[in-house]
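Student: Input file: coords06.pdb. Contents: PDB, C-alpha atoms.
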```pdb
ATOM      1  CA  ALA A   1      73.905 124.125  77.326
ATOM      2  CA  THR A   2      75.184 122.708  74.056
ATOM      3  CA  HIS A   3      78.414 121.339  75.541
ATOM      4  CA  ILE A   4      77.524 119.839  78.904
ATOM      5  CA  SER A   5      78.316 116.563  80.628
ATOM      6  CA  ASP A   6      75.917 113.875  81.830
ATOM      7  CA  ALA A   7      76.415 115.143  85.383
ATOM      8  CA  GLU A   8      75.493 118.673  84.323
ATOM      9  CA  VAL A   9      72.339 117.431  82.574
ATOM     10  CA  LEU A  10      71.297 115.705  85.806
ATOM     11  CA  MET A  11      72.171 118.792  87.861
ATOM     12  CA  LEU A  12      69.952 120.948  85.635
ATOM     13  CA  GLY A  13      67.143 118.422  86.024
ATOM     14  CA  ARG A  14      67.449 118.394  89.832
ATOM     15  CA  ALA A  15      67.350 122.217  89.770
ATOM     16  CA  SER A  16      64.179 122.186  87.634
ATOM     17  CA  ALA A  17      66.070 124.443  85.231
ATOM     18  CA  THR A  18      64.942 125.754  81.883
ATOM     19  CA  VAL A  19      67.378 125.866  78.977
ATOM     20  CA  CYS A  20      66.689 128.353  76.205
ATOM     21  CA  ALA A  21      67.809 126.588  73.043
ATOM     22  CA  CYS A  22      68.719 128.364  69.815
ATOM     23  CA  PRO A  23      69.391 125.413  67.498
ATOM     24  CA  THR A  24      69.542 127.403  64.259
ATOM     25  CA  THR A  25      72.260 129.574  65.801
ATOM     26  CA  GLU A  26      74.197 126.490  66.891
ATOM     27  CA  ARG A  27      73.766 125.114  63.368
ATOM     28  CA  ASP A  28      75.010 128.367  61.808
ATOM     29  CA  LEU A  29      78.027 128.538  64.123
ATOM     30  CA  GLY A  30      78.781 124.840  63.808
ATOM     31  CA  ASP A  31      78.715 124.704  67.596
ATOM     32  CA  GLY A  32      76.935 121.433  68.177
ATOM     33  CA  ILE A  33      73.609 119.870  68.948
ATOM     34  CA  LEU A  34      71.641 120.371  72.148
ATOM     35  CA  ARG A  35      71.077 117.133  74.047
ATOM     36  CA  ALA A  36      67.337 117.759  74.070
ATOM     37  CA  ALA A  37      66.259 114.149  74.697
ATOM     38  CA  ASP A  38      68.675 113.746  77.600
ATOM     39  CA  MET A  39      67.590 117.049  79.094
ATOM     40  CA  LEU A  40      63.870 116.414  78.792
ATOM     41  CA  GLY A  41      64.418 112.922  80.200
ATOM     42  CA  ALA A  42      66.205 114.433  83.216
ATOM     43  CA  GLY A  43      63.374 116.911  83.836
ATOM     44  CA  VAL A  44      64.995 119.970  82.252
ATOM     45  CA  ASP A  45      62.517 122.244  80.524
ATOM     46  CA  ILE A  46      63.484 123.524  77.086
ATOM     47  CA  ALA A  47      62.322 126.817  75.619
ATOM     48  CA  ILE A  48      63.371 128.176  72.244
ATOM     49  CA  GLY A  49      64.945 131.456  71.282
ATOM     50  CA  SER A  50      66.874 133.169  68.547
ATOM     51  CA  ASP A  51      70.136 134.893  69.242
ATOM     52  CA  SER A  52      72.271 135.239  66.129
ATOM     53  CA  GLN A  53      69.421 136.470  63.933
ATOM     54  CA  THR A  54      70.627 134.479  60.895
ATOM     55  CA  VAL A  55      67.290 132.689  61.079
ATOM     56  CA  ILE A  56      64.286 134.100  62.904
ATOM     57  CA  ASP A  57      61.743 131.317  62.675
ATOM     58  CA  PRO A  58      60.238 129.817  65.822
ATOM     59  CA  LEU A  59      58.908 126.831  63.874
ATOM     60  CA  GLU A  60      62.378 126.035  62.540
ATOM     61  CA  GLU A  61      63.887 126.449  66.017
ATOM     62  CA  VAL A  62      61.455 124.022  67.604
ATOM     63  CA  ARG A  63      61.590 121.443  64.813
ATOM     64  CA  CYS A  64      65.404 121.457  65.017
ATOM     65  CA  LEU A  65      65.129 120.144  68.573
ATOM     66  CA  GLU A  66      63.598 116.940  67.192
ATOM     67  CA  TYR A  67      65.466 116.819  63.882
ATOM     68  CA  HIS A  68      68.894 117.217  65.477
ATOM     69  CA  GLU A  69      68.098 114.384  67.862
ATOM     70  CA  ARG A  70      66.982 112.249  64.922
ATOM     71  CA  LEU A  71      70.374 112.793  63.309
ATOM     72  CA  ARG A  72      72.195 112.022  66.558
ATOM     73  CA  ARG A  73      70.238 108.833  67.312
ATOM     74  CA  GLY A  74      69.332 107.586  63.836
ATOM     75  CA  ARG A  75      65.599 107.265  64.476
ATOM     76  CA  ARG A  76      62.417 109.297  64.443
ATOM     77  CA  LEU A  77      60.160 110.611  67.235
ATOM     78  CA  VAL A  78      63.023 110.949  69.699
ATOM     79  CA  LEU A  79      61.297 113.614  71.807
ATOM     80  CA  ALA A  80      57.874 111.966  71.581
ATOM     81  CA  ALA A  81      55.605 111.572  74.571
ATOM     82  CA  THR A  82      52.913 108.949  75.001
ATOM     83  CA  THR A  83      49.439 110.442  74.626
ATOM     84  CA  ASP A  84      46.254 109.444  76.440
ATOM     85  CA  THR A  85      45.462 107.136  73.513
ATOM     86  CA  GLY A  86      48.807 105.358  73.836
ATOM     87  CA  THR A  87      50.364 106.779  70.673
ATOM     88  CA  GLU A  88      53.795 108.382  70.540
ATOM     89  CA  GLU A  89      53.626 112.007  69.391
ATOM     90  CA  VAL A  90      56.270 114.709  69.269
ATOM     91  CA  ALA A  91      54.123 117.724  68.302
ATOM     92  CA  GLY A  92      52.813 118.343  71.818
ATOM     93  CA  VAL A  93      56.318 118.340  73.261
ATOM     94  CA  LEU A  94      57.529 120.762  70.599
ATOM     95  CA  LEU A  95      54.535 123.075  71.028
ATOM     96  CA  GLU A  96      55.176 123.135  74.776
ATOM     97  CA  CYS A  97      58.805 124.167  74.126
ATOM     98  CA  ALA A  98      57.591 126.871  71.729
ATOM     99  CA  THR A  99      54.970 128.354  74.043
ATOM    100  CA  ALA A 100      54.365 127.628  77.706
ATOM    101  CA  THR A 101      57.931 126.708  78.694
ATOM    102  CA  GLY A 102      59.369 130.042  77.594
ATOM    103  CA  ALA A 103      56.548 131.935  79.267
ATOM    104  CA  ARG A 104      57.133 130.066  82.538
ATOM    105  CA  ALA A 105      60.873 130.753  82.348
ATOM    106  CA  LEU A 106      60.156 134.461  81.955
ATOM    107  CA  GLY A 107      57.539 134.464  84.699
ATOM    108  CA  LEU A 108      54.827 135.538  82.264
ATOM    109  CA  PRO A 109      51.199 134.406  82.415
ATOM    110  CA  ALA A 110      51.316 133.381  78.744
ATOM    111  CA  GLY A 111      51.913 130.418  76.493
ATOM    112  CA  ARG A 112      48.377 129.104  76.870
ATOM    113  CA  ILE A 113      44.853 130.236  76.161
ATOM    114  CA  ALA A 114      43.253 130.524  79.562
ATOM    115  CA  GLU A 115      41.494 133.010  81.785
ATOM    116  CA  GLY A 116      44.041 135.395  83.286
ATOM    117  CA  ALA A 117      46.725 134.596  80.703
ATOM    118  CA  LEU A 118      48.080 137.192  78.306
ATOM    119  CA  ALA A 119      46.297 137.026  74.976
ATOM    120  CA  ASP A 120      49.424 136.158  72.976
ATOM    121  CA  PHE A 121      48.541 133.906  70.064
ATOM    122  CA  VAL A 122      48.733 133.431  66.315
ATOM    123  CA  ALA A 123      46.270 132.622  63.543
ATOM    124  CA  ILE A 124      47.194 129.853  61.112
ATOM    125  CA  ASP A 125      46.154 129.683  57.450
ATOM    126  CA  LEU A 126      44.569 126.228  57.435
ATOM    127  CA  GLY A 127      44.286 126.446  53.656
ATOM    128  CA  HIS A 128      48.050 126.800  53.165
ATOM    129  CA  ARG A 129      49.420 124.149  50.789
ATOM    130  CA  SER A 130      51.829 122.824  53.429
ATOM    131  CA  LEU A 131      48.845 121.828  55.567
ATOM    132  CA  ALA A 132      46.971 120.059  52.750
ATOM    133  CA  GLY A 133      44.957 117.111  54.012
ATOM    134  CA  TRP A 134      45.153 118.113  57.652
ATOM    135  CA  ASP A 135      42.744 116.835  60.246
ATOM    136  CA  ASP A 136      42.683 116.928  64.035
ATOM    137  CA  THR A 137      45.045 113.945  64.254
ATOM    138  CA  CYS A 138      47.914 115.507  62.289
ATOM    139  CA  LEU A 139      47.580 119.310  62.308
ATOM    140  CA  ALA A 140      49.975 119.891  65.210
ATOM    141  CA  ALA A 141      52.558 117.573  63.618
ATOM    142  CA  LEU A 142      52.305 119.362  60.275
ATOM    143  CA  ILE A 143      52.758 122.740  61.948
ATOM    144  CA  THR A 144      55.690 121.745  64.150
ATOM    145  CA  LEU A 145      57.541 119.419  61.798
ATOM    146  CA  SER A 146      57.118 120.798  58.303
ATOM    147  CA  ALA A 147      55.130 124.001  57.816
ATOM    148  CA  PRO A 148      56.868 127.267  56.888
ATOM    149  CA  THR A 149      56.315 130.457  58.869
ATOM    150  CA  GLU A 150      54.057 131.704  56.057
ATOM    151  CA  ILE A 151      51.236 129.694  57.663
ATOM    152  CA  VAL A 152      51.074 132.364  60.382
ATOM    153  CA  THR A 153      48.754 135.078  59.108
ATOM    154  CA  ASP A 154      48.061 137.136  62.214
ATOM    155  CA  VAL A 155      49.773 137.696  65.564
ATOM    156  CA  TRP A 156      48.305 139.112  68.771
ATOM    157  CA  VAL A 157      50.451 140.288  71.665
ATOM    158  CA  ASN A 158      48.607 140.950  74.906
ATOM    159  CA  GLY A 159      45.366 141.033  72.946
ATOM    160  CA  VAL A 160      46.546 143.581  70.380
ATOM    161  CA  ARG A 161      46.903 142.458  66.765
ATOM    162  CA  GLN A 162      50.464 143.232  65.696
ATOM    163  CA  VAL A 163      50.464 141.337  62.390
ATOM    164  CA  GLN A 164      47.480 141.152  60.062
ATOM    165  CA  ASP A 165      47.406 139.169  56.837
ATOM    166  CA  GLY A 166      51.147 138.530  57.190
ATOM    167  CA  ARG A 167      52.130 142.185  57.515
ATOM    168  CA  HIS A 168      53.303 144.057  60.599
ATOM    169  CA  ALA A 169      52.012 147.613  60.884
ATOM    170  CA  LEU A 170      55.588 148.919  61.210
ATOM    171  CA  GLU A 171      57.085 146.657  58.508
ATOM    172  CA  GLU A 172      57.832 149.378  55.938
ATOM    173  CA  GLU A 173      59.273 151.753  58.541
ATOM    174  CA  ALA A 174      61.427 148.975  59.989
ATOM    175  CA  ALA A 175      62.672 148.000  56.518
ATOM    176  CA  ARG A 176      63.689 151.606  55.780
ATOM    177  CA  ASP A 177      65.500 151.900  59.121
ATOM    178  CA  PHE A 178      67.247 148.550  58.605
ATOM    179  CA  ASP A 179      68.397 149.553  55.111
ATOM    180  CA  LYS A 180      69.784 152.821  56.490
ATOM    181  CA  VAL A 181      71.749 151.009  59.208
ATOM    182  CA  ALA A 182      73.007 148.348  56.789
ATOM    183  CA  ARG A 183      74.219 150.970  54.325
ATOM    184  CA  GLY A 184      76.130 152.680  57.150
ATOM    185  CA  ILE A 185      77.802 149.434  58.207
ATOM    186  CA  PHE A 186      78.920 148.352  54.775
ATOM    187  CA  ARG A 187      80.363 151.672  53.580
TER
END
```
Would you give me this structure, written as structure tokens?

Tutor:
Amino acid sequence: ATHISDAEVLMLGRASATVCACPTTERDLGDGILRAADMLGAGVDIAIGSDSQTVIDPLEEVRCLEYHERLRRGRRLVLAATTDTGTEEVAGVLLECATATGARALGLPAGRIAEGALADFVAIDLGHRSLAGWDDTCLAALITLSAPTEIVTDVWVNGVRQVQDGRHALEEEAARDFDKVARGIFR
């Protein structure tokens, strides 16, 4: 949905559609910038994905939604929503795009920590230098707008820890297999 008209944005909103955005792919291809603010304003849900594999970083994908809109509009907090306290914050919108929206689009009971939901979640290193000085008022913003993926230390999928201390159990095997395939391609 990178190259769509105003009418198509409205049509997607009326259909309660979800767009899976891959902004780092669009950036790599030079394809364009998703009209995230227009879509969210029209009621289109946005989830994030990765399809060209040049960058596989969910935090970068989600922050690009906001950063690309900042470049387009020449201001900050473009995708921000008004909180219960009356402040404008973008982190909640971005976290929703990174979690619950994709789960809903796939029909999965995930993207939230709740009874009956899949236990898919990550652990964050709160002592990581990129989160220095965090408190409850800014942690989500630091994670979504500036932190590198190295802040994620552990990953659980359906309640099973797949990554521990930054390492996947199959990491070495996968690296060997990848090297073998790459050598075959480039010979």

Student: Apply the PyMOL selection byres ((chain A and resi 131) around 12) to the structure shown and report the selected residues as an MDAnalysis selection string.

Tutor: chainID A and resid 124:130 132:136 138:152

Student: Have a look at atom CA of Asp31 of chain A and atom CA of Pro58 of chain A and let me know their distance in Å, one decimal.

Tutor: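 Taking atom CA of Asp31 of chain A as the start and atom CA of Pro58 of chain A as the end point, the length is 19.3 Å.
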
Student: On this structure, the PyMOL selection byres ((chain A and resi 121) around 9) would catch which residues? List them as an NGL selection string, sorted by chain and number.

Tutor: :A and (111-113 or 118-120 or 122-123 or 154-159)

Student: Counting all atoms listed in the file, figure out which residue out of A:Gly184, A:Pro23, A:Gly107, A:Gly102 gets nearest to Asp57 of chain A.

Tutor: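 Closest candidate: A:Pro23.
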
Student: Which value, in Å to one decimal, gives the distance between atom CA of Leu94 of chain A and atom CA of Arg63 of chain A?

Tutor: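 Answer for the atom CA of Leu94 of chain A to atom CA of Arg63 of chain A separation: 7.1 Å.
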
Student: Got a sec: who's within 9 Å of segment 3-7 of chain A, counting all atoms listed in the file, leaving out chain neighbours fewer than 4 positions off, as a PyMOL selection string?

Tutor: chain A and resi 11-12+31-35+38

Student: Go ahead and dump the residues you just picked, C-alpha atoms, as a PDB file, in the coordinates of the input.

Tutor:
```pdb
ATOM      1  CA  MET A  11      72.171 118.792  87.861  1.00  0.00           C
ATOM      2  CA  LEU A  12      69.952 120.948  85.635  1.00  0.00           C
ATOM      3  CA  ASP A  31      78.715 124.704  67.596  1.00  0.00           C
ATOM      4  CA  GLY A  32      76.935 121.433  68.177  1.00  0.00           C
ATOM      5  CA  ILE A  33      73.609 119.870  68.948  1.00  0.00           C
ATOM      6  CA  LEU A  34      71.641 120.371  72.148  1.00  0.00           C
ATOM      7  CA  ARG A  35      71.077 117.133  74.047  1.00  0.00           C
ATOM      8  CA  ASP A  38      68.675 113.746  77.600  1.00  0.00           C
TER       9      ASP A  38
END
```

Student: Residues near segment 78-86 of chain A, anyone? I mean within 12 Å using only C-alpha atoms, not counting same-chain ones fewer than 6 positions away, as a PyMOL selection string.

Tutor: chain A and resi 35-41+46+62-72+92-97+137+141

Student: Nearest residue to Ile56 of chain A out of A:Ala117, A:Thr101, A:Ala169, A:Thr25, using all atoms listed in the file?

Tutor: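 Counting all atoms listed in the file, the residue closest to Ile56 of chain A is A:Thr25.
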
Student: What is the distance between atom CA of Glu89 of chain A and atom CA of Leu77 of chain A, in Å to one decimal?

Tutor: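 Pair atom CA of Glu89 of chain A / atom CA of Leu77 of chain A returns 7.0 Å.
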
Student: Report, as lines of an AutoDock Vina configuration file, the centre and edge lengths in Å (one decimal) of the axis-aligned box enclosing every listed atom of segment 61-78 of chain A, padded by 4 Å on each side.

Tutor:
```
center_x = 66.2
center_y = 116.9
center_z = 66.5
size_x = 20.0
size_y = 27.2
size_z = 14.4
```
